[in-house]
file final05.txt (compact mmCIF, C-alpha atoms)
# COMPACT_ATOMS: atom_id res chain seq x y z
CA MET A 1 0.00 0.00 0.00
CA SER A 2 1.39 3.41 -0.98
CA ALA A 3 1.98 6.20 1.55
CA PRO A 4 -0.94 8.33 0.23
CA GLU A 5 -3.25 5.29 0.43
CA LEU A 6 -2.04 4.57 3.97
CA ARG A 7 -2.70 8.17 5.05
CA ALA A 8 -6.16 8.04 3.44
CA LEU A 9 -7.01 4.87 5.36
CA GLU A 10 -5.75 6.40 8.62
CA ARG A 11 -8.07 9.38 8.10
CA THR A 12 -11.09 7.02 8.03
CA SER A 13 -9.97 4.63 10.81
CA PRO A 14 -11.15 5.22 14.39
CA ILE A 15 -8.62 6.79 16.72
CA VAL A 16 -10.58 6.34 19.96
CA GLN A 17 -11.61 3.08 21.62
CA ILE A 18 -12.96 1.80 24.93
CA SER A 19 -10.22 0.37 27.17
CA GLU A 20 -11.38 -1.03 30.55
CA GLY A 21 -14.51 1.09 30.35
CA VAL A 22 -12.62 4.31 29.53
CA ALA A 23 -12.43 6.01 26.13
CA THR A 24 -8.76 6.16 25.14
CA THR A 25 -6.42 6.73 22.25
CA THR A 26 -2.66 6.06 21.98
CA SER A 27 0.51 8.00 21.32
CA MET A 28 0.97 5.94 18.13
CA ARG A 29 -2.45 6.97 16.78
CA VAL A 30 -1.69 10.62 17.57
CA ALA A 31 1.69 10.31 15.82
CA ASN A 32 0.09 8.74 12.74
CA GLY A 33 -2.79 11.22 12.65
CA THR A 34 -0.56 14.29 12.96
CA GLU A 35 2.20 12.84 10.73
CA THR A 36 4.69 13.20 13.59
CA GLU A 37 7.48 10.80 14.60
CA HIS A 38 6.25 8.58 17.42
CA ARG A 39 9.53 9.11 19.24
CA ALA A 40 8.86 12.88 19.32
CA VAL A 41 5.33 12.35 20.68
CA LEU A 42 6.61 10.13 23.50
CA GLN A 43 9.30 12.67 24.32
CA LEU A 44 6.71 15.46 24.53
CA ILE A 45 4.67 13.36 26.97
CA GLY A 46 7.74 12.47 29.02
CA ASP A 47 8.96 16.08 29.22
CA ASN A 48 5.57 17.18 30.58
CA LEU A 49 4.52 14.04 32.45
CA ALA A 50 3.58 15.93 35.64
CA ASP A 51 1.12 18.04 33.63
CA PHE A 52 -0.48 14.98 32.06
CA GLU A 53 -0.80 13.15 35.36
CA GLU A 54 -2.95 15.96 36.74
CA PHE A 55 -5.65 14.27 34.64
CA GLY A 56 -4.87 10.73 35.78
CA GLY A 57 -1.88 8.44 35.51
CA VAL A 58 -0.51 7.85 32.01
CA ALA A 59 -0.18 4.13 31.29
CA PHE A 60 2.50 2.73 29.00
CA GLU A 61 2.53 -0.67 27.36
CA MET A 62 4.81 -2.59 24.98
CA GLN A 63 2.94 -3.32 21.76
CA PRO A 64 4.24 -5.86 19.20
CA PHE A 65 4.78 -5.10 15.52
CA ASP A 66 6.34 -7.06 12.66
CA THR A 67 9.53 -6.09 10.81
CA ALA A 68 11.75 -7.76 8.24
CA GLY A 69 13.91 -8.99 11.10
CA GLY A 70 10.99 -10.51 13.02
CA LYS A 71 8.57 -9.33 15.70
CA GLN A 72 9.62 -6.20 17.59
CA HIS A 73 8.02 -4.26 20.47
CA ARG A 74 7.58 -0.54 20.97
CA ARG A 75 6.55 1.53 24.00
CA VAL A 76 3.16 3.19 23.53
CA ALA A 77 1.33 5.62 25.84
CA ILE A 78 -2.38 5.03 26.57
CA LEU A 79 -4.15 8.41 26.74
CA ASN A 80 -7.58 9.35 28.09
CA GLU A 81 -9.53 12.23 26.58
CA GLU A 82 -7.90 14.88 28.78
CA HIS A 83 -4.41 13.49 28.10
CA ALA A 84 -4.98 13.50 24.35
CA THR A 85 -6.43 17.01 24.36
CA LEU A 86 -3.49 18.35 26.40
CA LEU A 87 -0.99 16.59 24.12
CA LEU A 88 -2.45 18.21 21.01
CA THR A 89 -2.46 21.58 22.79
CA TYR A 90 1.28 21.20 23.40
CA MET A 91 2.03 20.24 19.79
CA ARG A 92 2.93 22.84 17.21
CA ASN A 93 -0.19 23.95 15.36
CA ASN A 94 -0.54 23.34 11.63
CA GLU A 95 -3.36 22.27 9.33
CA ILE A 96 -2.73 18.54 9.88
CA VAL A 97 -2.70 18.91 13.68
CA LYS A 98 -5.84 21.11 13.61
CA ASP A 99 -7.71 18.56 11.48
CA PHE A 100 -6.69 15.77 13.83
CA LYS A 101 -7.84 17.77 16.88
CA LYS A 102 -11.31 18.07 15.34
CA ARG A 103 -11.39 14.31 14.58
CA LEU A 104 -10.37 13.55 18.15
CA VAL A 105 -13.07 15.76 19.67
CA ARG A 106 -15.74 14.23 17.41
CA GLU A 107 -14.71 10.64 18.16
CA PHE A 108 -14.49 11.05 21.92
CA SER A 109 -17.91 12.74 21.85
CA ALA A 110 -19.43 10.08 19.59
CA LEU A 111 -18.02 7.26 21.73
CA ARG A 112 -19.46 8.79 24.90
CA ARG A 113 -22.88 8.95 23.24
CA SER A 114 -22.68 5.37 21.99
CA VAL A 115 -21.76 4.08 25.44
CA ALA A 116 -24.55 6.09 27.09
CA GLN A 117 -27.19 4.80 24.65
CA PRO A 118 -28.21 1.20 23.91
CA GLN A 119 -26.57 0.04 20.71
CA SER A 120 -28.54 -1.39 17.86
CA ARG A 121 -27.31 -4.38 15.91
CA GLU A 122 -26.30 -2.06 13.07
CA GLU A 123 -24.30 0.16 15.45
CA ARG A 124 -22.47 -2.82 16.90
CA MET A 125 -21.64 -3.98 13.40
CA ALA A 126 -20.39 -0.49 12.48
CA ILE A 127 -18.16 -0.39 15.56
CA GLY A 128 -16.82 -3.85 14.77
CA LEU A 129 -16.12 -2.81 11.18
CA ALA A 130 -14.33 0.31 12.36
CA ALA A 131 -12.17 -1.78 14.71
CA MET A 132 -11.31 -4.11 11.83
CA GLN A 133 -10.33 -1.13 9.66
CA GLU A 134 -8.06 0.07 12.44
CA MET A 135 -6.37 -3.33 12.63
CA ILE A 136 -5.86 -3.29 8.85
CA ALA A 137 -4.38 0.21 9.01
CA GLU A 138 -1.93 -0.76 11.76
CA ARG A 139 -0.98 -3.91 9.84
CA ASP A 140 -0.34 -1.88 6.69
CA GLU A 141 1.81 0.51 8.69
CA GLN A 142 3.89 -2.41 9.98
CA LEU A 143 4.26 -3.76 6.43
CA ALA A 144 5.38 -0.35 5.20
CA VAL A 145 8.05 -0.20 7.94
CA ALA A 146 9.21 -3.73 7.08
CA ALA A 147 9.39 -2.88 3.36
CA THR A 148 11.53 0.19 4.08
CA GLU A 149 13.92 -1.82 6.27
CA ASN A 150 14.10 -4.54 3.62
CA ARG A 151 15.03 -2.01 0.92
CA THR A 152 17.72 -0.55 3.18
CA LEU A 153 19.17 -4.02 3.82
CA HIS A 154 19.25 -4.89 0.10
CA ALA A 155 20.95 -1.58 -0.71
CA ALA A 156 23.66 -2.31 1.86
CA ILE A 157 24.18 -5.81 0.45
CA GLU A 158 24.42 -4.52 -3.12
CA ARG A 159 26.90 -1.84 -2.07
CA THR A 160 29.13 -4.27 -0.18
CA ALA A 161 28.89 -7.31 -2.48
CA PRO A 162 31.22 -6.03 -5.26
CA MET A 163 33.89 -5.23 -2.66
CA VAL A 164 33.66 -8.63 -1.01
CA ALA A 165 33.65 -10.38 -4.38
CA LYS A 166 36.78 -8.50 -5.44
CA ALA A 167 38.61 -9.47 -2.26
CA GLU A 168 37.61 -13.11 -2.60
CA ALA A 169 38.66 -13.15 -6.25
CA HIS A 170 42.27 -12.64 -5.16
CA THR A 171 42.27 -15.44 -2.62
CA GLY A 172 43.35 -17.85 -5.33
CA SER A 173 46.11 -15.67 -6.81
CA ASP A 174 49.31 -17.69 -7.33
CA SER A 175 51.84 -15.05 -8.43
CA ASP A 176 53.76 -12.24 -6.73
CA VAL A 177 53.10 -8.66 -7.83
CA HIS A 178 55.04 -5.41 -7.52
CA ARG A 179 53.37 -3.03 -5.04
CA GLN A 180 52.93 -0.41 -7.79
CA GLU A 181 51.30 -2.98 -10.07
CA PHE A 182 48.98 -3.86 -7.22
CA ALA A 183 48.19 -0.16 -6.73
CA ARG A 184 47.18 0.18 -10.41
CA GLU A 185 44.81 -2.76 -10.02
CA VAL A 186 43.20 -1.15 -6.97
CA GLN A 187 42.83 2.11 -8.92
CA ALA A 188 41.07 0.28 -11.77
CA TRP A 189 38.72 -1.33 -9.26
CA GLY A 190 38.05 2.09 -7.75
CA VAL A 191 36.95 3.45 -11.13
CA LYS A 192 34.35 0.65 -11.39
CA GLN A 193 33.13 1.43 -7.86
CA ASN A 194 32.99 5.19 -8.63
CA VAL A 195 35.63 5.82 -5.96
CA ASP A 196 38.60 8.08 -6.76
CA ILE A 197 41.73 6.24 -5.56
CA LYS A 198 45.21 7.67 -6.15
CA GLN A 199 48.30 5.48 -6.45
CA ALA A 200 49.85 7.34 -3.52
CA ASP A 201 46.81 6.44 -1.39
CA VAL A 202 47.31 2.72 -2.12
CA LEU A 203 51.06 2.78 -1.41
CA ARG A 204 50.49 4.79 1.76
CA TYR A 205 47.80 2.36 2.91
CA LEU A 206 50.04 -0.67 2.28
CA GLY A 207 52.54 0.98 4.59
CA HIS A 208 49.84 1.80 7.11
CA ILE A 209 48.83 -1.87 7.47
CA GLY A 210 52.44 -2.87 7.99
CA LEU A 211 53.37 -4.47 4.66
CA PHE A 212 56.02 -2.00 3.45
CA ILE A 213 58.36 0.50 5.08
CA ARG A 214 57.22 4.10 4.75
CA GLY A 215 58.55 7.54 5.59
CA GLU A 216 61.69 9.38 4.52
CA ARG A 217 64.15 6.45 4.63
CA SER A 218 66.59 4.85 2.22
CA ASP A 219 64.68 1.57 2.43
CA THR A 220 61.21 3.08 1.88
CA GLY A 221 59.08 0.66 -0.12
CA HIS A 222 60.91 -2.45 1.11
CA ALA A 223 58.89 -5.16 2.80
CA THR A 224 58.78 -4.90 6.59
CA ALA A 225 60.34 -7.62 8.69
CA ASP A 226 56.92 -8.55 10.05
CA ALA A 227 55.40 -8.84 6.55
CA GLN A 228 58.28 -11.09 5.45
CA ARG A 229 57.92 -13.25 8.55
CA ARG A 230 54.19 -13.67 7.88
CA GLY A 231 54.77 -14.47 4.20
CA LEU A 232 52.79 -11.43 3.00
CA ALA A 233 55.53 -9.44 1.24
CA PHE A 234 59.23 -9.51 0.42
CA THR A 235 61.91 -7.30 -1.06
CA HIS A 236 63.07 -8.44 -4.50
CA LYS A 237 66.70 -7.47 -5.18
CA ASP A 238 68.40 -7.71 -8.58
CA THR A 239 70.80 -5.97 -10.95
CA ALA A 240 69.64 -4.25 -14.13
CA LYS A 241 71.37 -4.73 -17.49
CA ASN A 242 73.15 -1.42 -17.03
CA GLY A 243 74.70 -2.78 -13.83
CA TYR A 244 72.43 -0.76 -11.53
CA ALA A 245 71.42 -2.69 -8.39
CA TYR A 246 67.81 -2.22 -7.35
CA ALA A 247 65.33 -3.48 -4.76
CA VAL A 248 61.53 -3.45 -5.05
CA GLY A 249 58.78 -4.47 -2.67
CA LYS A 250 56.43 -7.23 -3.80
CA LEU A 251 53.25 -8.78 -2.46
CA THR A 252 52.88 -12.54 -2.22
CA PRO A 253 49.49 -14.14 -3.07
CA ALA A 254 48.71 -14.24 0.66
CA GLY A 255 49.72 -10.61 0.95
CA GLN A 256 47.42 -9.61 -1.91
CA ASP A 257 44.53 -11.40 -0.28
CA TYR A 258 45.24 -9.69 3.05
CA ALA A 259 45.63 -6.25 1.44
CA TRP A 260 42.42 -6.56 -0.60
CA LYS A 261 40.36 -7.47 2.43
CA ARG A 262 41.74 -4.54 4.40
CA ILE A 263 41.33 -2.11 1.48
CA THR A 264 37.74 -3.06 0.63
CA LYS A 265 36.72 -2.88 4.28
CA TYR A 266 38.32 0.56 4.70
CA VAL A 267 36.73 1.95 1.52
CA ASP A 268 33.34 0.53 2.47
CA GLU A 269 33.51 2.24 5.87
CA ASN A 270 35.10 5.55 4.79
CA GLY A 271 34.12 6.07 1.15
CA SER A 272 37.74 6.42 0.01
CA LEU A 273 41.21 5.00 0.64
CA GLU A 274 42.71 8.30 1.75
CA LEU A 275 44.16 8.15 5.25
CA PRO A 276 43.64 11.02 7.68
CA ARG A 277 46.74 13.13 8.22
CA GLU A 278 47.43 11.69 11.67
CA LEU A 279 47.75 8.15 10.21
CA ARG A 280 50.17 8.99 7.42
CA GLY A 281 53.23 8.26 9.53
CA GLY A 282 54.95 11.54 8.76
CA GLU A 283 54.49 11.20 4.98
CA PRO A 284 53.51 14.30 2.99
CA ALA A 285 49.88 14.71 1.84
call {"tool": "encode", "arguments": {"input": "final05.txt", "output": "structure tokens"}}
result
Amino acid sequence: MSAPELRALERTSPIVQISEGVATTTSMRVANGTETEHRAVLQLIGDNLADFEEFGGVAFEMQPFDTAGGKQHRRVAILNEEHATLLLTYMRNNEIVKDFKKRLVREFSALRRSVAQPQSREERMAIGLAAMQEMIAERDEQLAVAATENRTLHAAIERTAPMVAKAEAHTGSDSDVHRQEFAREVQAWGVKQNVDIKQADVLRYLGHIGLFIRGERSDTGHATADAQRRGLAFTHKDTAKNGYAYAVGKLTPAGQDYAWKRITKYVDENGSLELPRELRGGEPA
């Protein structure tokens, strides 16, 4: 049921009922009828509880409702006519609140008359039908809440799934890669995820998670002793054809798997791979 249809049904559903011989409404019905968050209605009652209790104690009960994650409970205030009138007086006035006030006055008045007079069979049927409509409205509200939560859950899964899949895809890698080659691969992945990732961010992050030495040192970019001990990275040393000796840091297959899992988790939580200044280990921006 769409939101406009739900609001239309709420406008025709009863908001007052007999509870233990007393005409009452609830904080949830007031919230729905005035299009106000239920949390805000409860807070208004709680902040002025002494005022409300001048007209009798305010009862609270835990009412069940269904969500995508199963049955939940929420705290609802049970309000007599004076409570409800005072609550609406304390709420900010607008056209929706004014219309609801008039509905409330009419329904409390009509319910008093119906209790005072013998009810015909037709009246009892009308009251029963109204109660059924109220149950349907509350059920539709619960379904709407569950649908919203379900959409939020699916969106989170869809956002995270490509990252997890990418990390798992590298679990089976069987070759070593240069750290700069690895950085280019992360950048390409970032383009697909619509995340701007710079090569410097990747290299800085590899240093941050302890795989390569960072900072202004002669051995910057070499594998750390801990990474070598854990089999995650190593320093490849060789001599070029021109006789120049060089050393480059490389990631092992296990190191790639470890780095991908850390990178995807960080990007998922922060929206980028850029480290805050305090975590850059003295490196320039």
call {"tool": "residues_near_point", "arguments": {"input": "final05.txt", "point": "(1.8, -1.9, 14.4)", "cutoff": "7 Å", "atoms": "all atoms listed in the file", "output": "PyMOL selection string"}}
result
chain A and resi 64-65+138-139+141-142
call {"tool": "residues_around", "arguments": {"input": "final05.txt", "residues": "Leu251 in chain A", "least_positions_apart": "3", "cutoff": "7 Å", "atoms": "only C-alpha atoms", "output": "list of chain:residue names"}}
result
A:Asp176, A:Val177, A:His178, A:Arg179, A:Leu232, A:Ala233, A:Phe234, A:Gly255, A:Gln256
call {"tool": "atom_distance", "arguments": {"input": "final05.txt", "atom1": "CA of Asn93 in chain A", "atom2": "CA of Gly33 in chain A"}}
result
13.3 Å
call {"tool": "atom_distance", "arguments": {"input": "final05.txt", "atom1": "CA of Thr36 in chain A", "atom2": "CA of Asn150 in chain A"}}
result
22.4 Å
call {"tool": "atom_distance", "arguments": {"input": "final05.txt", "atom1": "CA of Leu49 in chain A", "atom2": "CA of Glu61 in chain A"}}
result
15.7 Å
call {"tool": "residues_near_point", "arguments": {"input": "final05.txt", "point": "(2.6, 7.9, 27.3)", "cutoff": "7 Å", "atoms": "only C-alpha atoms", "output": "PDB file with C-alpha atoms, in the coordinates of the input"}}
result
ATOM      1  CA  SER A  27       0.510   8.000  21.320  1.00  0.00           C
ATOM      2  CA  LEU A  42       6.610  10.130  23.500  1.00  0.00           C
ATOM      3  CA  ILE A  45       4.670  13.360  26.970  1.00  0.00           C
ATOM      4  CA  VAL A  58      -0.510   7.850  32.010  1.00  0.00           C
ATOM      5  CA  ALA A  59      -0.180   4.130  31.290  1.00  0.00           C
ATOM      6  CA  PHE A  60       2.500   2.730  29.000  1.00  0.00           C
ATOM      7  CA  VAL A  76       3.160   3.190  23.530  1.00  0.00           C
ATOM      8  CA  ALA A  77       1.330   5.620  25.840  1.00  0.00           C
ATOM      9  CA  ILE A  78      -2.380   5.030  26.570  1.00  0.00           C
ATOM     10  CA  LEU A  79      -4.150   8.410  26.740  1.00  0.00           C
TER      11      LEU A  79
END
call {"tool": "axis_aligned_box", "arguments": {"input": "final05.txt", "around": "range 140-156 of chain A", "padding_each_side": "8 Å", "output": "AutoDock Vina command-line options"}}
result
--center_x 11.7 --center_y -2.2 --center_z 4.6 --size_x 40.0 --size_y 21.4 --size_z 26.7
call {"tool": "closest_residue", "arguments": {"input": "final05.txt", "among": "A:Ala137, A:Met91, A:Val186, A:Leu273", "to": "Asp201 in chain A", "atoms": "only C-alpha atoms"}}
result
A:Leu273
call {"tool": "residues_around", "arguments": {"input": "final05.txt", "residues": "Met62 in chain A", "least_positions_apart": "4", "cutoff": "8 Å", "atoms": "only C-alpha atoms", "output": "PDB file with C-alpha atoms, in the coordinates of the input"}}
result
ATOM      1  CA  HIS A  73       8.020  -4.260  20.470  1.00  0.00           C
ATOM      2  CA  ARG A  74       7.580  -0.540  20.970  1.00  0.00           C
ATOM      3  CA  ARG A  75       6.550   1.530  24.000  1.00  0.00           C
ATOM      4  CA  VAL A  76       3.160   3.190  23.530  1.00  0.00           C
TER       5      VAL A  76
END
call {"tool": "closest_residue", "arguments": {"input": "final05.txt", "among": "A:Arg277, A:Ala68, A:Ala50, A:Gly231", "to": "Arg151 in chain A", "atoms": "only C-alpha atoms"}}
result
A:Ala68
